file final-v2.pdb (PDB, C-alpha atoms, pLDDT in the B column)
MODEL        1
ATOM      1  CA  MET A 799      52.107 -74.965 -90.064  1.00 82.00           C
ATOM      2  CA  ARG A 800      54.696 -72.543 -91.400  1.00 88.00           C
ATOM      3  CA  GLN A 801      52.211 -71.163 -93.936  1.00 88.00           C
ATOM      4  CA  LEU A 802      49.523 -70.830 -91.257  1.00 90.00           C
ATOM      5  CA  PHE A 803      51.871 -68.753 -89.124  1.00 93.00           C
ATOM      6  CA  GLU A 804      52.905 -66.695 -92.162  1.00 94.00           C
ATOM      7  CA  GLY A 805      49.230 -65.857 -92.622  1.00 93.00           C
ATOM      8  CA  VAL A 806      48.969 -64.772 -88.977  1.00 94.00           C
ATOM      9  CA  GLY A 807      52.123 -62.727 -89.496  1.00 94.00           C
ATOM     10  CA  CYS A 808      50.471 -60.806 -92.363  1.00 95.00           C
ATOM     11  CA  LEU A 809      47.839 -59.519 -89.947  1.00 95.00           C
ATOM     12  CA  VAL A 810      50.381 -58.713 -87.232  1.00 95.00           C
ATOM     13  CA  ARG A 811      52.522 -56.765 -89.698  1.00 95.00           C
ATOM     14  CA  GLY A 812      49.461 -54.993 -91.109  1.00 94.00           C
ATOM     15  CA  LEU A 813      48.408 -53.894 -87.631  1.00 94.00           C
ATOM     16  CA  GLY A 814      51.953 -52.721 -86.985  1.00 94.00           C
ATOM     17  CA  ILE A 815      51.946 -50.608 -90.155  1.00 92.00           C
ATOM     18  CA  VAL A 816      48.668 -48.936 -89.206  1.00 91.00           C
ATOM     19  CA  ILE A 817      49.684 -48.373 -85.582  1.00 90.00           C
ATOM     20  CA  GLY A 818      52.881 -46.741 -86.822  1.00 90.00           C
ATOM     21  CA  SER A 819      50.900 -44.515 -89.227  1.00 87.00           C
ATOM     22  CA  PRO A 820      47.967 -42.952 -87.338  1.00 82.00           C
ATOM     23  CA  GLY A 821      46.797 -41.261 -90.525  1.00 84.00           C
ATOM     24  CA  LEU A 822      46.107 -44.640 -92.136  1.00 84.00           C
ATOM     25  CA  TRP A 823      44.184 -45.774 -89.077  1.00 86.00           C
ATOM     26  CA  ALA A 824      42.034 -42.626 -89.150  1.00 86.00           C
ATOM     27  CA  ILE A 825      41.289 -43.124 -92.869  1.00 86.00           C
ATOM     28  CA  GLY A 826      39.958 -46.621 -92.303  1.00 87.00           C
ATOM     29  CA  LEU A 827      38.050 -46.034 -89.068  1.00 88.00           C
ATOM     30  CA  LEU A 828      35.096 -44.027 -90.433  1.00 88.00           C
ATOM     31  CA  PRO A 829      33.676 -46.636 -92.868  1.00 90.00           C
ATOM     32  CA  ALA A 830      34.058 -49.360 -90.235  1.00 89.00           C
ATOM     33  CA  LEU A 831      32.044 -47.235 -87.786  1.00 91.00           C
ATOM     34  CA  LEU A 832      29.377 -46.502 -90.411  1.00 91.00           C
ATOM     35  CA  ALA A 833      29.001 -50.211 -91.201  1.00 90.00           C
ATOM     36  CA  LEU A 834      28.591 -50.965 -87.496  1.00 90.00           C
ATOM     37  CA  VAL A 835      25.932 -48.264 -87.104  1.00 92.00           C
ATOM     38  CA  VAL A 836      23.993 -49.555 -90.128  1.00 92.00           C
ATOM     39  CA  LEU A 837      24.001 -53.147 -88.879  1.00 91.00           C
ATOM     40  CA  LEU A 838      23.048 -52.138 -85.327  1.00 91.00           C
ATOM     41  CA  ALA A 839      20.155 -50.078 -86.707  1.00 93.00           C
ATOM     42  CA  LEU A 840      18.925 -53.019 -88.786  1.00 91.00           C
ATOM     43  CA  LEU A 841      19.212 -55.412 -85.855  1.00 90.00           C
ATOM     44  CA  GLY A 842      17.407 -52.940 -83.609  1.00 92.00           C
ATOM     45  CA  GLY A 843      14.566 -52.660 -86.111  1.00 92.00           C
ATOM     46  CA  LEU A 844      14.313 -56.438 -86.271  1.00 89.00           C
ATOM     47  CA  VAL A 845      14.110 -56.694 -82.476  1.00 89.00           C
ATOM     48  CA  VAL A 846      11.264 -54.157 -82.420  1.00 90.00           C
ATOM     49  CA  GLU A 847       9.346 -55.962 -85.165  1.00 90.00           C
ATOM     50  CA  LEU A 848      10.276 -59.495 -84.059  1.00 90.00           C
ATOM     51  CA  PRO A 849       6.811 -60.418 -82.684  1.00 89.00           C
ATOM     52  CA  ALA A 850       5.183 -59.358 -85.955  1.00 90.00           C
ATOM     53  CA  VAL A 851       7.804 -61.222 -87.997  1.00 89.00           C
ATOM     54  CA  VAL A 852       7.332 -64.405 -85.970  1.00 88.00           C
ATOM     55  CA  ALA A 853       3.547 -64.148 -86.259  1.00 87.00           C
ATOM     56  CA  ALA A 854       3.857 -63.726 -90.038  1.00 88.00           C
ATOM     57  CA  LEU A 855       6.077 -66.827 -90.223  1.00 86.00           C
ATOM     58  CA  THR A 856       3.667 -68.961 -88.171  1.00 86.00           C
ATOM     59  CA  PRO A 857       0.123 -68.045 -89.291  1.00 86.00           C
ATOM     60  CA  PHE A 858      -0.884 -71.720 -89.094  1.00 84.00           C
ATOM     61  CA  ALA A 859      -0.423 -71.669 -85.307  1.00 81.00           C
ATOM     62  CA  GLY A 860      -3.094 -69.005 -84.764  1.00 77.00           C
ATOM     63  CA  GLY A 861      -5.735 -71.540 -83.758  1.00 79.00           C
ATOM     64  CA  TRP A 862      -3.477 -73.705 -81.603  1.00 84.00           C
ATOM     65  CA  ASN A 863      -3.591 -74.085 -77.881  1.00 85.00           C
ATOM     66  CA  PRO A 864      -2.022 -70.864 -76.444  1.00 84.00           C
ATOM     67  CA  ALA A 865       0.761 -72.749 -74.652  1.00 88.00           C
ATOM     68  CA  ASP A 866       1.770 -74.689 -77.791  1.00 85.00           C
ATOM     69  CA  ARG A 867       1.486 -71.596 -79.988  1.00 86.00           C
ATOM     70  CA  ASP A 868       3.651 -69.496 -77.653  1.00 85.00           C
ATOM     71  CA  ALA A 869       6.262 -72.263 -77.343  1.00 88.00           C
ATOM     72  CA  LEU A 870       6.534 -72.586 -81.121  1.00 88.00           C
ATOM     73  CA  ARG A 871       6.767 -68.846 -81.640  1.00 87.00           C
ATOM     74  CA  LEU A 872       9.420 -68.546 -78.934  1.00 89.00           C
ATOM     75  CA  VAL A 873      11.578 -71.114 -80.749  1.00 88.00           C
ATOM     76  CA  VAL A 874      11.011 -69.424 -84.119  1.00 87.00           C
ATOM     77  CA  GLY A 875      11.852 -66.028 -82.583  1.00 88.00           C
ATOM     78  CA  VAL A 876      15.124 -67.320 -81.150  1.00 88.00           C
ATOM     79  CA  VAL A 877      16.066 -68.903 -84.496  1.00 84.00           C
ATOM     80  CA  VAL A 878      15.277 -65.686 -86.397  1.00 86.00           C
ATOM     81  CA  ALA A 879      17.215 -63.522 -83.914  1.00 87.00           C
ATOM     82  CA  VAL A 880      20.280 -65.785 -83.865  1.00 84.00           C
ATOM     83  CA  GLY A 881      20.203 -66.114 -87.666  1.00 82.00           C
ATOM     84  CA  ALA A 882      20.007 -62.339 -88.096  1.00 84.00           C
ATOM     85  CA  LEU A 883      22.912 -61.835 -85.704  1.00 84.00           C
ATOM     86  CA  TRP A 884      25.018 -64.379 -87.594  1.00 80.00           C
ATOM     87  CA  VAL A 885      24.217 -62.779 -90.955  1.00 81.00           C
ATOM     88  CA  ALA A 886      25.187 -59.395 -89.503  1.00 84.00           C
ATOM     89  CA  LEU A 887      28.505 -60.811 -88.307  1.00 81.00           C
ATOM     90  CA  VAL A 888      29.422 -62.433 -91.620  1.00 78.00           C
ATOM     91  CA  SER A 889      28.261 -59.438 -93.661  1.00 83.00           C
ATOM     92  CA  TYR A 890      30.018 -56.759 -91.605  1.00 88.00           C
ATOM     93  CA  THR A 891      33.292 -56.940 -93.514  1.00 84.00           C
ATOM     94  CA  ALA A 892      31.543 -56.901 -96.905  1.00 83.00           C
ATOM     95  CA  LEU A 893      29.450 -53.888 -95.903  1.00 87.00           C
ATOM     96  CA  ALA A 894      32.450 -52.000 -94.505  1.00 88.00           C
ATOM     97  CA  LEU A 895      34.418 -52.666 -97.699  1.00 86.00           C
ATOM     98  CA  ALA A 896      31.533 -51.482 -99.892  1.00 84.00           C
ATOM     99  CA  ILE A 897      31.101 -48.280 -97.851  1.00 87.00           C
ATOM    100  CA  GLY A 898      34.806 -47.593 -97.500  1.00 85.00           C
ATOM    101  CA  GLN A 899      36.125 -48.724-100.890  1.00 84.00           C
ATOM    102  CA  PRO A 900      37.882 -45.398-101.689  1.00 86.00           C
ATOM    103  CA  PHE A 901      39.316 -45.157 -98.151  1.00 89.00           C
ATOM    104  CA  TYR A 902      40.579 -48.729 -98.052  1.00 91.00           C
ATOM    105  CA  GLU A 903      41.989 -48.351-101.548  1.00 89.00           C
ATOM    106  CA  VAL A 904      44.221 -45.572-100.175  1.00 89.00           C
ATOM    107  CA  ILE A 905      45.413 -47.770 -97.282  1.00 92.00           C
ATOM    108  CA  SER A 906      46.104 -50.746 -99.530  1.00 91.00           C
ATOM    109  CA  ALA A 907      47.899 -48.638-102.163  1.00 90.00           C
ATOM    110  CA  ARG A 908      50.166 -47.067 -99.539  1.00 91.00           C
ATOM    111  CA  VAL A 909      51.043 -50.455 -98.072  1.00 92.00           C
ATOM    112  CA  ASP A 910      51.823 -51.767-101.562  1.00 90.00           C
ATOM    113  CA  ALA A 911      53.975 -48.699-102.264  1.00 89.00           C
ATOM    114  CA  ARG A 912      55.946 -49.220 -99.050  1.00 88.00           C
ATOM    115  CA  GLN A 913      56.577 -52.835-100.019  1.00 87.00           C
ATOM    116  CA  GLY A 914      57.888 -52.023-103.500  1.00 82.00           C
ATOM    117  CA  GLY A 915      54.752 -51.287-105.499  1.00 75.00           C
ATOM    118  CA  VAL A 916      52.872 -53.428-108.010  1.00 74.00           C
ATOM    119  CA  PRO A 917      54.670 -53.871-111.326  1.00 65.00           C
ATOM    120  CA  ASP A 918      52.480 -53.827-114.455  1.00 62.00           C
ATOM    121  CA  ALA A 919      49.354 -53.001-112.447  1.00 58.00           C
ATOM    122  CA  PRO A 920      46.340 -52.187-114.661  1.00 55.00           C
ATOM    123  CA  GLU A 921      45.096 -48.625-114.602  1.00 57.00           C
ATOM    124  CA  ALA A 922      42.561 -48.001-111.835  1.00 55.00           C
ATOM    125  CA  GLY A 923      39.004 -47.293-112.949  1.00 53.00           C
ATOM    126  CA  ARG A 924      36.462 -44.886-111.498  1.00 55.00           C
ATOM    127  CA  TRP A 925      36.058 -45.248-107.743  1.00 53.00           C
ATOM    128  CA  TRP A 926      32.294 -45.801-107.957  1.00 57.00           C
ATOM    129  CA  ARG A 927      32.869 -48.826-110.163  1.00 61.00           C
ATOM    130  CA  GLY A 928      35.039 -50.258-107.414  1.00 57.00           C
ATOM    131  CA  VAL A 929      32.205 -49.672-104.937  1.00 64.00           C
ATOM    132  CA  GLY A 930      29.781 -51.494-107.234  1.00 68.00           C
ATOM    133  CA  ARG A 931      32.130 -54.452-107.628  1.00 69.00           C
ATOM    134  CA  ALA A 932      32.760 -54.569-103.877  1.00 68.00           C
ATOM    135  CA  LEU A 933      29.020 -54.598-103.189  1.00 69.00           C
ATOM    136  CA  ARG A 934      28.330 -57.291-105.780  1.00 75.00           C
ATOM    137  CA  ASP A 935      31.219 -59.501-104.656  1.00 75.00           C
ATOM    138  CA  GLY A 936      30.288 -58.944-101.020  1.00 71.00           C
ATOM    139  CA  VAL A 937      26.721 -60.147-101.602  1.00 76.00           C
ATOM    140  CA  LEU A 938      28.007 -63.270-103.372  1.00 79.00           C
ATOM    141  CA  LEU A 939      30.524 -64.048-100.622  1.00 77.00           C
ATOM    142  CA  VAL A 940      27.979 -63.471 -97.849  1.00 76.00           C
ATOM    143  CA  ALA A 941      25.565 -65.821 -99.649  1.00 79.00           C
ATOM    144  CA  LEU A 942      28.283 -68.479 -99.945  1.00 80.00           C
ATOM    145  CA  THR A 943      29.270 -68.068 -96.303  1.00 76.00           C
ATOM    146  CA  ALA A 944      25.650 -68.238 -95.140  1.00 75.00           C
ATOM    147  CA  GLY A 945      24.979 -71.352 -97.220  1.00 77.00           C
ATOM    148  CA  LEU A 946      28.029 -73.156 -95.864  1.00 77.00           C
ATOM    149  CA  SER A 947      27.135 -72.027 -92.344  1.00 74.00           C
ATOM    150  CA  VAL A 948      23.683 -73.622 -92.667  1.00 75.00           C
ATOM    151  CA  ALA A 949      25.277 -76.870 -93.868  1.00 80.00           C
ATOM    152  CA  LEU A 950      27.715 -76.837 -90.940  1.00 75.00           C
ATOM    153  CA  PHE A 951      24.864 -76.062 -88.537  1.00 73.00           C
ATOM    154  CA  VAL A 952      23.045 -79.189 -89.715  1.00 77.00           C
ATOM    155  CA  LEU A 953      26.251 -81.240 -89.424  1.00 76.00           C
ATOM    156  CA  GLY A 954      26.578 -79.962 -85.871  1.00 74.00           C
ATOM    157  CA  PHE A 955      23.802 -82.340 -84.829  1.00 73.00           C
ATOM    158  CA  VAL A 956      25.815 -85.394 -85.936  1.00 77.00           C
ATOM    159  CA  PRO A 957      27.202 -87.112 -82.816  1.00 78.00           C
ATOM    160  CA  LEU A 958      30.940 -86.733 -82.188  1.00 75.00           C
ATOM    161  CA  ILE A 959      31.641 -84.933 -85.494  1.00 74.00           C
ATOM    162  CA  GLY A 960      29.299 -82.093 -84.587  1.00 69.00           C
ATOM    163  CA  GLN A 961      31.133 -81.386 -81.343  1.00 71.00           C
ATOM    164  CA  THR A 962      34.703 -81.775 -82.633  1.00 76.00           C
ATOM    165  CA  ALA A 963      35.312 -81.283 -86.347  1.00 81.00           C
ATOM    166  CA  VAL A 964      32.413 -78.954 -87.213  1.00 79.00           C
ATOM    167  CA  PRO A 965      33.411 -76.012 -84.938  1.00 83.00           C
ATOM    168  CA  VAL A 966      36.973 -76.112 -86.284  1.00 84.00           C
ATOM    169  CA  LEU A 967      35.770 -76.391 -89.875  1.00 85.00           C
ATOM    170  CA  GLY A 968      33.311 -73.537 -89.297  1.00 84.00           C
ATOM    171  CA  ALA A 969      36.064 -71.256 -87.998  1.00 85.00           C
ATOM    172  CA  CYS A 970      38.280 -72.130 -90.986  1.00 87.00           C
ATOM    173  CA  VAL A 971      35.468 -71.443 -93.483  1.00 87.00           C
ATOM    174  CA  THR A 972      34.672 -68.101 -91.875  1.00 86.00           C
ATOM    175  CA  GLY A 973      38.351 -67.173 -91.730  1.00 88.00           C
ATOM    176  CA  TRP A 974      38.946 -68.104 -95.363  1.00 89.00           C
ATOM    177  CA  PHE A 975      36.072 -65.931 -96.583  1.00 89.00           C
ATOM    178  CA  LEU A 976      37.249 -63.056 -94.383  1.00 90.00           C
ATOM    179  CA  ALA A 977      40.669 -63.313 -96.036  1.00 93.00           C
ATOM    180  CA  VAL A 978      39.053 -63.351 -99.493  1.00 92.00           C
ATOM    181  CA  GLU A 979      37.196 -60.125 -98.694  1.00 90.00           C
ATOM    182  CA  LEU A 980      40.087 -58.314 -97.029  1.00 92.00           C
ATOM    183  CA  SER A 981      42.559 -59.087 -99.819  1.00 93.00           C
ATOM    184  CA  ALA A 982      40.087 -58.153-102.572  1.00 91.00           C
ATOM    185  CA  ILE A 983      41.255 -54.551-103.068  1.00 90.00           C
ATOM    186  CA  ALA A 984      44.926 -55.495-103.353  1.00 92.00           C
ATOM    187  CA  LEU A 985      44.217 -58.416-105.695  1.00 91.00           C
ATOM    188  CA  GLU A 986      41.948 -56.301-107.884  1.00 89.00           C
ATOM    189  CA  ARG A 987      44.880 -53.891-108.241  1.00 87.00           C
ATOM    190  CA  ARG A 988      46.700 -56.865-109.777  1.00 87.00           C
ATOM    191  CA  GLY A 989      43.898 -57.438-112.288  1.00 85.00           C
ATOM    192  CA  LEU A 990      42.248 -60.390-110.521  1.00 88.00           C
ATOM    193  CA  ARG A 991      38.459 -60.631-110.411  1.00 88.00           C
ATOM    194  CA  LEU A 992      36.447 -62.660-107.915  1.00 85.00           C
ATOM    195  CA  GLY A 993      36.794 -66.043-109.618  1.00 88.00           C
ATOM    196  CA  ASP A 994      40.549 -65.572-110.063  1.00 91.00           C
ATOM    197  CA  ARG A 995      40.910 -64.492-106.430  1.00 91.00           C
ATOM    198  CA  LEU A 996      39.025 -67.526-105.166  1.00 91.00           C
ATOM    199  CA  ARG A 997      41.203 -69.897-107.191  1.00 93.00           C
ATOM    200  CA  LEU A 998      44.438 -68.170-106.150  1.00 93.00           C
ATOM    201  CA  LEU A 999      43.619 -68.136-102.449  1.00 93.00           C
ATOM    202  CA  TRP A1000      42.386 -71.719-102.544  1.00 92.00           C
ATOM    203  CA  ARG A1001      45.760 -72.780-103.941  1.00 92.00           C
ATOM    204  CA  ARG A1002      47.353 -70.901-101.026  1.00 91.00           C
ATOM    205  CA  ARG A1003      44.676 -71.980 -98.571  1.00 90.00           C
ATOM    206  CA  LEU A1004      46.898 -72.608 -95.543  1.00 93.00           C
ATOM    207  CA  LEU A1005      48.396 -69.127 -95.823  1.00 94.00           C
ATOM    208  CA  THR A1006      44.910 -67.695 -96.390  1.00 94.00           C
ATOM    209  CA  ILE A1007      43.285 -69.569 -93.508  1.00 94.00           C
ATOM    210  CA  GLY A1008      46.088 -68.552 -91.142  1.00 94.00           C
ATOM    211  CA  PHE A1009      45.428 -64.897 -91.923  1.00 96.00           C
ATOM    212  CA  GLY A1010      41.644 -65.325 -91.832  1.00 93.00           C
ATOM    213  CA  LEU A1011      41.620 -67.137 -88.487  1.00 93.00           C
ATOM    214  CA  ALA A1012      43.735 -64.377 -86.946  1.00 95.00           C
ATOM    215  CA  VAL A1013      41.277 -61.776 -88.258  1.00 94.00           C
ATOM    216  CA  PHE A1014      38.349 -63.870 -86.997  1.00 91.00           C
ATOM    217  CA  VAL A1015      39.810 -63.895 -83.476  1.00 92.00           C
ATOM    218  CA  LEU A1016      40.495 -60.142 -83.671  1.00 92.00           C
ATOM    219  CA  PHE A1017      36.918 -59.435 -84.763  1.00 89.00           C
ATOM    220  CA  LEU A1018      35.527 -61.469 -81.843  1.00 87.00           C
ATOM    221  CA  ILE A1019      37.041 -58.941 -79.419  1.00 89.00           C
ATOM    222  CA  PRO A1020      34.517 -56.201 -78.546  1.00 85.00           C
ATOM    223  CA  LEU A1021      35.018 -53.347 -81.057  1.00 85.00           C
ATOM    224  CA  GLY A1022      37.898 -55.328 -82.567  1.00 89.00           C
ATOM    225  CA  ALA A1023      36.189 -55.362 -85.967  1.00 87.00           C
ATOM    226  CA  VAL A1024      35.921 -51.566 -85.968  1.00 89.00           C
ATOM    227  CA  LEU A1025      39.298 -50.652 -84.520  1.00 90.00           C
ATOM    228  CA  GLY A1026      41.126 -53.445 -86.322  1.00 91.00           C
ATOM    229  CA  MET A1027      39.635 -53.012 -89.801  1.00 92.00           C
ATOM    230  CA  PRO A1028      42.366 -50.646 -91.110  1.00 92.00           C
ATOM    231  CA  GLY A1029      45.055 -53.050 -89.922  1.00 93.00           C
ATOM    232  CA  ALA A1030      43.164 -55.973 -91.439  1.00 94.00           C
ATOM    233  CA  ILE A1031      43.092 -54.172 -94.808  1.00 94.00           C
ATOM    234  CA  ALA A1032      46.839 -53.571 -94.556  1.00 94.00           C
ATOM    235  CA  GLY A1033      47.321 -57.227 -93.624  1.00 95.00           C
ATOM    236  CA  GLY A1034      45.125 -58.303 -96.543  1.00 95.00           C
ATOM    237  CA  THR A1035      47.420 -56.349 -98.857  1.00 94.00           C
ATOM    238  CA  LEU A1036      50.443 -58.175 -97.427  1.00 95.00           C
ATOM    239  CA  LEU A1037      48.558 -61.457 -97.877  1.00 95.00           C
ATOM    240  CA  ALA A1038      47.913 -60.576-101.521  1.00 94.00           C
ATOM    241  CA  ARG A1039      51.605 -59.829-102.056  1.00 92.00           C
ATOM    242  CA  ARG A1040      52.566 -63.118-100.426  1.00 92.00           C
ATOM    243  CA  ALA A1041      49.966 -65.145-102.335  1.00 92.00           C
ATOM    244  CA  THR A1042      50.980 -63.740-105.729  1.00 89.00           C
ATOM    245  CA  ALA A1043      54.714 -63.974-105.132  1.00 82.00           C
ATOM    246  CA  ALA A1044      56.603 -66.456-107.283  1.00 57.00           C
ATOM    247  CA  PRO A1045      57.467 -69.705-105.410  1.00 53.00           C
TER     248      PRO A1045
ENDMDL
END

call {"tool": "encode", "arguments": {"input": "final-v2.pdb", "output": "structure tokens"}}
result
Amino acid sequence: MRQLFEGVGCLVRGLGIVIGSPGLWAIGLLPALLALVVLLALLGGLVVELPAVVAALTPFAGGWNPADRDALRLVVGVVVAVGALWVALVSYTALALAIGQPFYEVISARVDARQGGVPDAPEAGRWWRGVGRALRDGVLLVALTAGLSVALFVLGFVPLIGQTAVPVLGACVTGWFLAVELSAIALERRGLRLGDRLRLLWRRRLLTIGFGLAVFVLFLIPLGAVLGMPGAIAGGTLLARRATAAP
């Protein structure tokens, strides 16, 4: 429990740093807004084309009784819409990080500098390489999150377990992956690539889940993901410092 609360504390301290430094908040706000606009545009396009998408997915129902065909396509439409919304939610952080890599690098570096710097940090490469790595890692993490979400969705139909353990496990999985994404910039500054980051944060999973669950709750608040992203990046940097500290 102490490590869980330490993880929550990383986010609280990160938000405090950003609130106390309006310039940092302004730096991180633009990419978060751009990511939101992109996802809303994609979702809007899907809503407009949803009847055509559903018809393309159910060509075999063209000759059915109209009532049966419409009932099937209504169910398929709901599943497609809910699935698209969930993918948008889990991919928002990855997209914002890919768009705002140079901006969030500035926030993370300043937080690290305030906390004493990073000894023996490898030399930073070109910023566009960081964007490419962020995009690649984001796609991999979104795919992992989506795959686990499908498995948890299926488990949700199991009596008792589906109504008790699965929602809690789902929140923990989502929170852990959020923490992996938000600490990526700070851990890359320490020379850790995706596989190394996953192993490190799994060893410190209670600390990581505590931070990730706090971010998950923050992002559920309307506009919390946009307004809170700079603070979450600062908190992810504090999480990285805590996770890599010697016992």

call {"tool": "resolve_selection", "arguments": {"input": "final-v2.pdb", "expression": "the PyMOL selection byres ((chain A and resi 937) around 12)", "output": "VMD selection string"}}
result
chain A and resid 885 888 to 893 895 to 896 930 to 936 938 to 944 979 992

call {"tool": "atom_distance", "arguments": {"input": "final-v2.pdb", "atom1": "CA of Gly1026 (chain A)", "atom2": "CA of Pro820 (chain A)"}}
result
12.6 Å

call {"tool": "atom_distance", "arguments": {"input": "final-v2.pdb", "atom1": "CA of Ile983 (chain A)", "atom2": "CA of Phe1009 (chain A)"}}
result
15.8 Å

call {"tool": "closest_residue", "arguments": {"input": "final-v2.pdb", "among": "A:Ala911, A:Ala894, A:Val874, A:Leu958", "to": "Pro829 (chain A)", "atoms": "only C-alpha atoms"}}
result
A:Ala894

call {"tool": "resolve_selection", "arguments": {"input": "final-v2.pdb", "expression": "the PyMOL selection byres ((chain A and resi 1043) around 12)", "output": "list of chain:residue names"}}
result
A:Val916, A:Pro917, A:Leu985, A:Arg988, A:Leu998, A:Arg1002, A:Leu1036, A:Leu1037, A:Ala1038, A:Arg1039, A:Arg1040, A:Ala1041, A:Thr1042, A:Ala1044, A:Pro1045

call {"tool": "closest_residue", "arguments": {"input": "final-v2.pdb", "among": "A:Phe803, A:Phe975, A:Tyr902, A:Trp1000", "to": "Leu828 (chain A)", "atoms": "only C-alpha atoms"}}
result
A:Tyr902

call {"tool": "resolve_selection", "arguments": {"input": "final-v2.pdb", "expression": "the PyMOL selection byres ((chain A and resi 870) around 12)", "output": "JSON list (two decimals) with C-alpha atoms, in the coordinates of the input"}}
result
[["chain", "number", "residue", "atom", "x", "y", "z"],
["A", 852, "VAL", "CA", 7.33, -64.40, -85.97],
["A", 853, "ALA", "CA", 3.55, -64.15, -86.26],
["A", 855, "LEU", "CA", 6.08, -66.83, -90.22],
["A", 856, "THR", "CA", 3.67, -68.96, -88.17],
["A", 857, "PRO", "CA", 0.12, -68.04, -89.29],
["A", 858, "PHE", "CA", -0.88, -71.72, -89.09],
["A", 859, "ALA", "CA", -0.42, -71.67, -85.31],
["A", 860, "GLY", "CA", -3.09, -69.00, -84.76],
["A", 862, "TRP", "CA", -3.48, -73.70, -81.60],
["A", 863, "ASN", "CA", -3.59, -74.08, -77.88],
["A", 864, "PRO", "CA", -2.02, -70.86, -76.44],
["A", 865, "ALA", "CA", 0.76, -72.75, -74.65],
["A", 866, "ASP", "CA", 1.77, -74.69, -77.79],
["A", 867, "ARG", "CA", 1.49, -71.60, -79.99],
["A", 868, "ASP", "CA", 3.65, -69.50, -77.65],
["A", 869, "ALA", "CA", 6.26, -72.26, -77.34],
["A", 871, "ARG", "CA", 6.77, -68.85, -81.64],
["A", 872, "LEU", "CA", 9.42, -68.55, -78.93],
["A", 873, "VAL", "CA", 11.58, -71.11, -80.75],
["A", 874, "VAL", "CA", 11.01, -69.42, -84.12],
["A", 875, "GLY", "CA", 11.85, -66.03, -82.58],
["A", 876, "VAL", "CA", 15.12, -67.32, -81.15],
["A", 877, "VAL", "CA", 16.07, -68.90, -84.50]]

call {"tool": "atom_distance", "arguments": {"input": "final-v2.pdb", "atom1": "CA of Cys808 (chain A)", "atom2": "CA of Glu903 (chain A)"}}
result
17.6 Å

call {"tool": "closest_residue", "arguments": {"input": "final-v2.pdb", "among": "A:Cys970, A:Leu1004, A:Leu1018, A:Ile959", "to": "Met799 (chain A)", "atoms": "all atoms listed in the file"}}
result
A:Leu1004

call {"tool": "residues_around", "arguments": {"input": "final-v2.pdb", "residues": "Ala907 (chain A)", "least_positions_apart": "5", "cutoff": "10 Å", "atoms": "all atoms listed in the file", "output": "PyMOL selection string"}}
result
chain A and resi 902+912-913+915-916+983-984+987+1032+1035

call {"tool": "axis_aligned_box", "arguments": {"input": "final-v2.pdb", "around": "region 963-981 of chain A", "padding_each_side": "5 Å", "output": "JSON"}}
result
{"center_x": 37.5, "center_y": -69.8, "center_z": -92.4, "size_x": 20.1, "size_y": 33.0, "size_z": 24.9}

call {"tool": "closest_residue", "arguments": {"input": "final-v2.pdb", "among": "A:Val978, A:Ile1007, A:Leu883, A:Leu848", "to": "Gly993 (chain A)", "atoms": "all atoms listed in the file"}}
result
A:Val978

call {"tool": "closest_residue", "arguments": {"input": "final-v2.pdb", "among": "A:Leu840, A:Arg811, A:Leu887, A:Ile897", "to": "Leu827 (chain A)", "atoms": "only C-alpha atoms"}}
result
A:Ile897

call {"tool": "residues_around", "arguments": {"input": "final-v2.pdb", "residues": "Pro1028 (chain A)", "least_positions_apart": "3", "cutoff": "9 Å", "atoms": "all atoms listed in the file", "output": "tab-separated table (two decimals) with C-alpha atoms, in the frame of the given file"}}
result
chain	number	residue	atom	x	y	z
A	812	GLY	CA	49.46	-54.99	-91.11
A	813	LEU	CA	48.41	-53.89	-87.63
A	816	VAL	CA	48.67	-48.94	-89.21
A	822	LEU	CA	46.11	-44.64	-92.14
A	823	TRP	CA	44.18	-45.77	-89.08
A	824	ALA	CA	42.03	-42.63	-89.15
A	825	ILE	CA	41.29	-43.12	-92.87
A	826	GLY	CA	39.96	-46.62	-92.30
A	827	LEU	CA	38.05	-46.03	-89.07
A	830	ALA	CA	34.06	-49.36	-90.24
A	902	TYR	CA	40.58	-48.73	-98.05
A	905	ILE	CA	45.41	-47.77	-97.28
A	1024	VAL	CA	35.92	-51.57	-85.97
A	1025	LEU	CA	39.30	-50.65	-84.52
A	1031	ILE	CA	43.09	-54.17	-94.81
A	1032	ALA	CA	46.84	-53.57	-94.56
A	1033	GLY	CA	47.32	-57.23	-93.62

call {"tool": "closest_residue", "arguments": {"input": "final-v2.pdb", "among": "A:Ala879, A:Met1027, A:Ala982, A:Leu946", "to": "Val845 (chain A)", "atoms": "only C-alpha atoms"}}
result
A:Ala879
